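The next block is structure25.cif, given as mmCIF, C-alpha atoms.
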```cif
data_coords
#
loop_
_atom_site.label_atom_id
_atom_site.label_comp_id
_atom_site.auth_asym_id
_atom_site.auth_seq_id
_atom_site.Cartn_x
_atom_site.Cartn_y
_atom_site.Cartn_z
CA ILE A 498 99.04 18.38 -53.35
CA ALA A 499 98.87 19.29 -49.68
CA VAL A 500 99.68 22.98 -49.26
CA TYR A 501 99.11 23.46 -45.52
CA GLN A 502 99.87 21.29 -42.50
CA GLU A 503 96.18 21.39 -41.53
CA GLN A 504 95.42 19.41 -44.72
CA LEU A 505 97.85 16.70 -43.64
CA MET A 506 96.12 16.55 -40.25
CA PHE A 507 92.77 16.18 -42.02
CA ILE A 508 94.07 13.35 -44.23
CA VAL A 509 95.33 11.20 -41.34
CA GLN A 510 92.13 11.81 -39.33
CA VAL A 511 89.79 10.88 -42.19
CA MET A 512 91.77 7.95 -43.60
CA ALA A 513 93.21 6.37 -40.47
CA TRP A 514 91.12 7.75 -37.60
CA PHE A 515 94.05 9.51 -35.98
CA SER A 516 92.84 11.51 -33.01
CA LEU A 517 93.22 15.28 -33.16
CA GLY A 518 96.14 14.96 -30.71
CA GLU A 519 97.85 12.33 -32.86
CA ALA A 520 97.31 14.41 -35.99
CA ASP A 521 98.79 17.44 -34.23
CA LEU A 522 101.84 15.40 -33.26
CA LEU A 523 102.35 14.59 -36.93
CA ARG A 524 102.05 18.30 -37.73
CA ARG A 525 104.59 19.10 -35.05
CA TRP A 526 107.16 16.61 -36.38
CA ILE A 527 106.62 17.92 -39.91
CA GLY A 528 107.19 21.47 -38.65
CA LYS A 529 110.47 20.36 -37.05
CA LYS A 530 111.40 18.34 -40.17
CA LYS A 531 111.96 15.17 -38.10
CA ILE A 532 112.17 12.91 -41.13
CA GLU A 533 112.96 9.71 -39.19
CA ILE A 534 109.92 10.10 -36.90
CA ILE A 535 107.67 10.90 -39.87
CA GLU A 536 108.94 7.70 -41.50
CA GLN A 537 107.99 5.68 -38.38
CA LEU A 538 104.46 7.14 -38.36
CA LYS A 539 103.95 5.94 -41.92
CA TRP A 540 103.42 2.35 -40.79
CA GLU A 541 100.97 3.40 -38.10
CA PHE A 542 99.02 5.32 -40.75
CA ILE A 543 98.98 2.34 -43.17
CA THR A 544 97.94 -0.08 -40.42
CA LYS A 545 95.13 2.08 -39.07
CA ALA A 546 93.85 2.95 -42.54
CA GLY A 547 93.51 -0.76 -43.31
CA GLN A 548 92.09 -1.64 -39.88
CA PHE A 549 89.47 1.10 -39.57
CA LYS A 550 88.66 1.99 -43.19
CA ASN A 551 89.58 -1.19 -45.08
CA TYR A 552 92.01 0.57 -47.41
CA LYS A 553 94.37 -1.69 -49.29
CA PRO A 554 97.91 -1.09 -47.94
CA GLU A 555 99.19 0.38 -51.21
CA THR A 556 96.67 3.26 -51.09
CA PRO A 557 97.65 4.85 -47.72
CA LYS A 558 101.29 3.99 -48.48
CA TYR A 559 101.11 5.92 -51.75
CA ILE A 560 99.34 8.91 -50.16
CA TYR A 561 101.78 9.06 -47.26
CA GLU A 562 104.88 8.80 -49.46
CA GLU A 563 103.64 11.13 -52.21
CA MET A 564 101.74 13.75 -50.15
CA ILE A 565 102.63 13.66 -46.46
CA GLN A 566 106.36 12.94 -46.47
CA PRO A 567 107.25 15.45 -49.22
CA ALA A 568 105.27 18.13 -47.33
CA ALA A 569 107.74 17.76 -44.46
CA ASN A 570 110.25 19.61 -46.65
CA TYR A 571 108.21 22.76 -47.20
CA SER A 572 104.76 23.02 -45.61
CA PHE A 573 103.65 25.45 -42.89
CA ASN A 574 100.45 25.76 -40.97
CA LYS A 575 97.92 27.97 -42.71
CA SER A 576 98.34 31.10 -40.56
CA HIS A 577 102.12 30.87 -40.82
CA ALA A 578 101.96 30.43 -44.59
CA ALA A 579 99.66 33.44 -44.92
CA CYS A 580 102.13 35.63 -42.98
CA TYR A 581 104.99 34.48 -45.21
CA ALA A 582 102.95 35.14 -48.33
CA PHE A 583 102.06 38.65 -47.16
CA ILE A 584 105.68 39.50 -46.31
CA ALA A 585 106.84 38.03 -49.64
CA TYR A 586 104.34 40.25 -51.47
CA GLN A 587 105.47 43.36 -49.58
CA THR A 588 109.18 42.73 -50.11
CA ASP A 589 108.64 41.86 -53.78
CA TYR A 590 106.82 45.16 -54.27
CA LEU A 591 109.56 47.13 -52.50
CA LYS A 592 112.31 45.41 -54.47
CA ALA A 593 110.51 46.14 -57.74
CA TYR A 594 109.71 49.82 -57.12
CA TYR A 595 112.32 50.89 -54.54
CA ARG A 596 115.15 48.60 -55.54
CA THR A 597 118.12 50.60 -54.24
CA GLU A 598 116.48 51.45 -50.91
CA PHE A 599 115.44 47.80 -50.52
CA LEU A 600 118.94 46.45 -51.19
CA THR A 601 120.42 49.03 -48.82
CA ALA A 602 118.07 47.94 -46.04
CA LEU A 603 118.83 44.30 -46.82
CA MET A 604 122.58 44.86 -46.46
CA VAL A 605 122.08 46.76 -43.20
CA SER A 606 120.14 43.82 -41.78
CA ASP A 607 122.82 41.36 -42.97
CA GLU A 608 125.98 43.33 -42.12
CA GLU A 609 126.99 40.75 -39.50
CA SER A 610 127.05 38.10 -42.25
CA MET A 611 129.74 38.84 -44.81
CA GLU A 612 128.71 35.89 -46.97
CA ARG A 613 125.31 37.50 -47.49
CA ILE A 614 126.84 40.96 -47.99
CA VAL A 615 129.02 39.62 -50.80
CA MET A 616 125.98 38.05 -52.47
CA GLU A 617 123.99 41.28 -52.12
CA VAL A 618 126.77 43.51 -53.48
CA TRP A 619 126.97 41.24 -56.52
CA GLU A 620 123.23 41.66 -56.95
CA CYS A 621 123.63 45.45 -56.79
CA ASN A 622 126.25 45.24 -59.53
CA SER A 623 123.97 43.11 -61.69
CA LYS A 624 121.25 45.78 -61.32
CA TRP A 625 123.66 48.62 -62.27
CA ILE A 626 123.73 49.93 -58.70
CA GLN A 627 127.20 51.09 -57.67
CA VAL A 628 128.38 50.25 -54.16
CA LEU A 629 130.98 52.84 -53.18
CA PRO A 630 133.79 52.05 -50.74
CA PRO A 631 133.34 53.33 -47.17
CA SER A 632 134.43 56.87 -46.34
CA VAL A 633 134.98 58.77 -43.10
CA ASN A 634 133.62 61.89 -44.81
CA ASP A 635 130.58 60.53 -46.65
CA TRP A 636 129.04 57.83 -44.54
CA MET A 637 126.70 56.65 -41.89
CA LYS A 638 127.49 53.80 -39.52
CA HIS A 639 125.58 51.38 -41.74
CA PHE A 640 125.15 50.95 -45.49
CA THR A 641 123.68 54.22 -46.79
CA TYR A 642 121.34 54.98 -49.67
CA ILE A 643 122.85 57.85 -51.70
CA ASN A 644 120.58 57.87 -54.76
CA ASP A 645 118.82 55.38 -57.03
CA THR A 646 122.09 54.15 -58.52
CA THR A 647 124.47 54.47 -55.57
CA ILE A 648 124.93 52.91 -52.13
CA ARG A 649 127.75 53.75 -49.73
CA PHE A 650 129.43 50.89 -47.85
CA GLY A 651 129.00 51.25 -44.08
CA LEU A 652 131.93 51.47 -41.67
CA LYS A 653 130.36 48.84 -39.41
CA ALA A 654 130.85 46.20 -42.10
CA ILE A 655 134.65 46.73 -42.16
CA LYS A 656 136.73 44.04 -40.50
CA TRP A 657 138.61 45.25 -37.38
CA ILE A 658 136.42 48.37 -36.98
CA TRP A 659 134.31 48.25 -33.84
CA ASP A 660 131.60 50.54 -32.48
CA TRP A 661 133.88 52.75 -30.42
CA PRO A 662 136.11 54.02 -33.28
CA ILE A 663 132.99 54.54 -35.41
CA GLU A 664 131.48 56.70 -32.66
CA ALA A 665 134.76 58.63 -32.36
CA ILE A 666 134.76 59.32 -36.12
CA LYS A 667 131.10 60.34 -35.95
CA ASN A 668 131.71 62.72 -33.03
CA GLY A 669 134.70 64.22 -34.80
CA ARG A 670 132.52 65.16 -37.75
CA LYS A 671 130.14 67.29 -35.69
CA ASP A 672 132.02 70.39 -36.87
CA GLY A 673 131.90 69.34 -40.52
CA LYS A 674 133.82 67.04 -42.84
CA TYR A 675 137.47 66.30 -42.22
CA THR A 676 139.58 68.57 -44.40
CA SER A 677 142.93 66.75 -44.24
CA LEU A 678 144.71 63.81 -42.69
CA GLU A 679 146.00 66.04 -39.88
CA ASP A 680 142.48 67.31 -39.26
CA PHE A 681 141.20 63.72 -39.10
CA ILE A 682 143.92 62.75 -36.59
CA ALA A 683 143.13 65.75 -34.40
CA ARG A 684 139.35 65.41 -34.38
CA ALA A 685 138.89 61.63 -34.46
CA GLY A 686 141.40 61.13 -31.66
CA ARG A 687 143.33 58.27 -30.15
CA GLU A 688 140.32 55.92 -30.26
CA VAL A 689 140.83 55.65 -34.02
CA ILE A 690 144.53 56.26 -34.56
CA ASN A 691 145.96 52.84 -33.82
CA LYS A 692 147.59 50.31 -36.13
CA LYS A 693 144.61 47.96 -36.58
CA SER A 694 141.99 50.67 -37.13
CA LEU A 695 144.24 52.62 -39.51
CA GLU A 696 144.97 49.49 -41.55
CA ALA A 697 141.26 48.74 -41.88
CA LEU A 698 140.32 52.32 -42.76
CA ILE A 699 143.13 52.72 -45.31
CA LEU A 700 142.77 49.35 -47.03
CA SER A 701 138.97 49.66 -47.27
CA GLY A 702 139.25 53.08 -48.96
CA SER A 703 137.76 55.01 -46.02
CA LEU A 704 140.65 57.51 -46.03
CA ASP A 705 140.90 57.99 -49.81
CA ASP A 706 140.08 61.71 -49.37
CA PHE A 707 143.47 62.20 -47.70
CA GLY A 708 145.85 60.44 -50.07
CA GLU A 709 146.67 57.29 -51.98
CA ARG A 710 146.22 54.04 -50.10
CA GLY A 711 149.72 52.75 -50.78
CA GLN A 712 151.33 55.87 -49.34
CA LEU A 713 149.00 56.01 -46.32
CA TYR A 714 149.54 52.32 -45.59
CA LYS A 715 153.34 52.58 -45.70
CA ASN A 716 153.18 55.59 -43.35
CA ILE A 717 150.99 54.13 -40.61
CA GLU A 718 153.81 54.31 -38.04
CA ASN A 719 154.46 57.96 -38.94
CA ILE A 720 150.75 58.73 -38.60
CA ILE A 721 150.64 57.10 -35.16
CA LYS A 722 153.76 59.01 -34.01
CA PHE A 723 152.25 62.27 -35.22
CA SER A 724 149.00 61.47 -33.40
CA ARG A 725 150.80 60.73 -30.13
CA ALA A 726 152.77 63.97 -30.37
CA TRP A 727 149.58 65.88 -31.12
CA GLU A 728 147.76 64.32 -28.16
CA LYS A 729 150.68 65.10 -25.86
CA LYS A 730 150.73 68.76 -26.92
CA LYS A 731 146.96 69.04 -26.64
CA GLU A 732 146.96 67.58 -23.13
CA SER A 733 149.62 70.08 -22.07
CA ASN A 734 147.56 72.93 -23.59
CA GLN A 735 150.46 73.98 -25.81
CA ILE A 736 148.31 74.25 -28.97
CA GLY A 737 144.74 75.02 -29.94
CA LEU A 738 142.40 72.66 -31.72
CA PHE A 739 143.39 73.58 -35.30
CA ASP A 740 146.92 74.89 -34.79
CA HIS A 741 148.36 71.72 -36.30
CA ILE A 742 147.06 72.62 -39.75
CA GLU A 743 149.34 75.63 -40.11
CA ASN A 744 152.09 74.28 -37.88
CA SER A 745 155.52 73.97 -39.46
CA ASN A 746 155.75 70.50 -37.93
CA ALA A 747 152.85 69.20 -40.01
CA LEU A 748 152.66 65.50 -40.83
CA VAL A 749 155.03 64.58 -43.65
CA LEU A 750 154.45 61.29 -45.43
CA GLU A 751 157.17 59.31 -47.12
CA THR A 752 156.67 59.02 -50.87
CA VAL A 753 156.03 55.44 -51.98
CA SER A 754 154.44 53.85 -55.02
CA GLU A 755 150.67 53.47 -55.11
CA PHE A 756 149.03 50.06 -54.80
CA SER A 757 148.55 48.18 -58.04
CA PHE A 758 145.00 47.30 -59.12
CA GLU A 759 145.62 43.75 -57.91
CA ASP A 760 146.74 45.06 -54.50
CA LEU A 761 143.68 47.30 -54.19
CA ILE A 762 141.20 44.51 -54.74
CA LYS A 763 143.22 42.03 -52.65
CA TRP A 764 143.15 44.31 -49.60
CA GLU A 765 139.51 45.29 -50.15
CA LYS A 766 138.56 41.63 -50.21
CA LEU A 767 140.45 41.15 -46.94
CA VAL A 768 138.81 43.97 -44.96
CA ILE A 769 135.36 44.36 -46.56
CA TRP A 770 135.07 40.91 -48.15
CA PHE A 771 134.39 42.34 -51.58
CA PRO A 772 136.62 43.98 -54.23
CA ILE A 773 134.74 47.30 -54.56
CA SER A 774 137.31 48.78 -56.99
CA GLY A 775 136.78 46.06 -59.55
CA HIS A 776 137.08 42.36 -60.28
CA PRO A 777 140.30 40.42 -60.98
CA LEU A 778 138.91 39.42 -64.38
CA ASP A 779 137.76 42.89 -65.47
CA GLY A 780 140.52 43.12 -68.03
CA LEU A 781 139.32 39.89 -69.64
CA SER A 782 135.60 40.72 -69.65
CA ARG A 783 135.48 41.09 -73.44
CA TYR A 784 136.94 37.61 -73.92
CA ILE A 785 134.74 36.05 -71.21
CA GLU A 786 131.62 37.51 -72.79
#
```

Show how you would write the structure in this file as structure tokens.
Amino acid sequence: IAVYQEQLMFIVQVMAWFSLGEADLLRRWIGKKKIEIIEQLKWEFITKAGQFKNYKPETPKYIYEEMIQPAANYSFNKSHAACYAFIAYQTDYLKAYYRTEFLTALMVSDEESMERIVMEVWECNSKWIQVLPPSVNDWMKHFTYINDTTIRFGLKAIKWIWDWPIEAIKNGRKDGKYTSLEDFIARAGREVINKKSLEALILSGSLDDFGERGQLYKNIENIIKFSRAWEKKKESNQIGLFDHIENSNALVLETVSEFSFEDLIKWEKLVIWFPISGHPLDGLSRYIE
């Protein structure tokens, strides 16, 4: 079994008198996984092995097909393989002894790839690590380690939420956590209070501290109107920063029914690619098991 590409270079030099340059070309094509070129070099190897070393054709043919060609699917040069082995050892150690921190870091590095995030959240669940929905009050921009059994979903991984509303939410929290929906509207500002951002924040669970998702979602237009009125008053210096909290014209939300469990997980899957609140088959888990 050839483990390193250098061994393949040695084989073709010893058996078929390939020059070092020719052997390095073979190594290069193996590194690039150019299967068709590696196939063409097989006949040159068989011919030279018979011409220079008097091997019967079946011997170099067997070695090439059973050792050299399969190595094109996996082998590295020795220094490259050593680096991979060292990194594999380090990450294996971290995953074994700092599992939650490791998975958090992994999701941060993969947050541009929702396919990988979904896979990693499932792994968290299989290891009894809870991944909480995002929150404007308990968050960092990225996935956040809370404790050994809890990770908080990052706002950056929410669909339709870009860097600028995240920075606005972050800046708004400089004076502490948001205490109400009105307080969030006032401090986060117009960068966040628009239809697309509100939909994403509500449906992902980021605004759960301020009410039920179904009610917030049905009142998006009212929230935007309230925000515009607040901004207009603030720009005209008619009110102070927190006057809206005690103002008689406080935001009033229409009463509507809450989302069903099916709605919750459907919308979560849309905006964060994963049903954080549960799985569609949770009610049948006993039968599935």

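Distances to Lys545 of chain A were evaluated for A:Ser516, A:Arg525, A:Pro567, A:Lys531 using all atoms listed in the file, and the minimum falls at A:Ser516.
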
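Each of A:Leu767, A:Ile648, A:Ile666, A:Ala654 was checked against Asn634 of chain A using all atoms listed in the file; the smallest atom-to-atom distance is that of A:Ile666.
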
12 Å contact set for Lys766 of chain A, only C-alpha atoms, chain neighbours under 5 positions out, as a PyMOL selection string:
chain A and resi 611-612+614-615+630+655-656+697+700-702+759-761+771-777

Would you mind exporting the chosen residues as an mmCIF file, in the frame of the given file, restricted to C-alpha atoms?
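Done, and the output landed in again_23.cif:
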```
data_model
loop_
_atom_site.group_PDB
_atom_site.id
_atom_site.type_symbol
_atom_site.label_atom_id
_atom_site.label_comp_id
_atom_site.auth_asym_id
_atom_site.auth_seq_id
_atom_site.Cartn_x
_atom_site.Cartn_y
_atom_site.Cartn_z
ATOM 1 C CA MET A 611 129.740 38.840 -44.810
ATOM 2 C CA GLU A 612 128.710 35.890 -46.970
ATOM 3 C CA ILE A 614 126.840 40.960 -47.990
ATOM 4 C CA VAL A 615 129.020 39.620 -50.800
ATOM 5 C CA PRO A 630 133.790 52.050 -50.740
ATOM 6 C CA ILE A 655 134.650 46.730 -42.160
ATOM 7 C CA LYS A 656 136.730 44.040 -40.500
ATOM 8 C CA ALA A 697 141.260 48.740 -41.880
ATOM 9 C CA LEU A 700 142.770 49.350 -47.030
ATOM 10 C CA SER A 701 138.970 49.660 -47.270
ATOM 11 C CA GLY A 702 139.250 53.080 -48.960
ATOM 12 C CA GLU A 759 145.620 43.750 -57.910
ATOM 13 C CA ASP A 760 146.740 45.060 -54.500
ATOM 14 C CA LEU A 761 143.680 47.300 -54.190
ATOM 15 C CA PHE A 771 134.390 42.340 -51.580
ATOM 16 C CA PRO A 772 136.620 43.980 -54.230
ATOM 17 C CA ILE A 773 134.740 47.300 -54.560
ATOM 18 C CA SER A 774 137.310 48.780 -56.990
ATOM 19 C CA GLY A 775 136.780 46.060 -59.550
ATOM 20 C CA HIS A 776 137.080 42.360 -60.280
ATOM 21 C CA PRO A 777 140.300 40.420 -60.980
#
```

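Listed by chain and then by number, the residues chosen by the PyMOL selection byres ((chain A and resi 753) around 6) in this file are Gln712, Thr752 and Ser754 of chain A.
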
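Shortest atom-to-atom contact with Ala520 of chain A among A:Ile534, A:Ala665, A:Leu505, A:Ile721: A:Leu505, counting all atoms listed in the file.
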
Who sits within 9 Å of Asp635 of chain A, only C-alpha atoms, same chain under 2 positions skipped, as a ChimeraX atom specification
/A:631-633,637,649,674

Quick check on the file I pasted: which residues fall under the PyMOL selection byres ((chain A and resi 554) around 12)? Write them as a list of chain:residue names.
A:Met512, A:Ala513, A:Lys539, A:Trp540, A:Glu541, A:Phe542, A:Ile543, A:Thr544, A:Lys545, A:Ala546, A:Gly547, A:Gln548, A:Lys550, A:Asn551, A:Tyr552, A:Lys553, A:Glu555, A:Thr556, A:Pro557, A:Lys558, A:Tyr559, A:Ile560, A:Tyr561

Give me a file of those residues, with C-alpha atoms, as a short mmCIF file (atom, residue, chain, number, x, y, z; two decimals), in the coordinates of the input.
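Contents of selection29.cif, freshly written:
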```cif
data_model
loop_
_atom_site.label_atom_id
_atom_site.label_comp_id
_atom_site.auth_asym_id
_atom_site.auth_seq_id
_atom_site.Cartn_x
_atom_site.Cartn_y
_atom_site.Cartn_z
CA MET A 512 91.77 7.95 -43.60
CA ALA A 513 93.21 6.37 -40.47
CA LYS A 539 103.95 5.94 -41.92
CA TRP A 540 103.42 2.35 -40.79
CA GLU A 541 100.97 3.40 -38.10
CA PHE A 542 99.02 5.32 -40.75
CA ILE A 543 98.98 2.34 -43.17
CA THR A 544 97.94 -0.08 -40.42
CA LYS A 545 95.13 2.08 -39.07
CA ALA A 546 93.85 2.95 -42.54
CA GLY A 547 93.51 -0.76 -43.31
CA GLN A 548 92.09 -1.64 -39.88
CA LYS A 550 88.66 1.99 -43.19
CA ASN A 551 89.58 -1.19 -45.08
CA TYR A 552 92.01 0.57 -47.41
CA LYS A 553 94.37 -1.69 -49.29
CA GLU A 555 99.19 0.38 -51.21
CA THR A 556 96.67 3.26 -51.09
CA PRO A 557 97.65 4.85 -47.72
CA LYS A 558 101.29 3.99 -48.48
CA TYR A 559 101.11 5.92 -51.75
CA ILE A 560 99.34 8.91 -50.16
CA TYR A 561 101.78 9.06 -47.26
#
```

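Separating atom CA of Ile565 of chain A from atom CA of Ala499 of chain A is a distance of 7.5 Å.
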
So how many Å separate atom CA of Tyr642 of chain A and atom CA of Trp619 of chain A, to one decimal?
16.4 Å

Take the PyMOL selection byres ((chain A and resi 640) around 6), apply it to the structure above, and return the hits as a PyMOL selection string.
chain A and resi 605+639+641+649-651

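Among A:Ile690, A:Ile720, A:Ile785, A:Leu652, the residue with the shortest atom-to-atom distance to Ile769 of chain A, counting all atoms listed in the file, is A:Leu652.
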
For Lys671 of chain A, the closest of A:Ile527, A:Ala747, A:Ala685, A:Leu695 counting all atoms listed in the file is A:Ala685

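Atom CA of Ser572 of chain A is positioned 6.3 Å from atom CA of Val500 of chain A.
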
Using only C-alpha atoms, pick whichever of A:Trp661, A:Phe723, A:Phe599, A:Phe573 has the shortest atom-to-atom distance to Ser694 of chain A.
A:Trp661

Compile the contact shell of Ile682 of chain A as a PyMOL selection string: residues with an atom at most 12 Å away, counting all atoms listed in the file, same-chain residues fewer than 6 positions apart removed.
chain A and resi 633+665-666+669-670+675-676+688-691+695+704+707+717+719-728+738-739+741-742+747-748
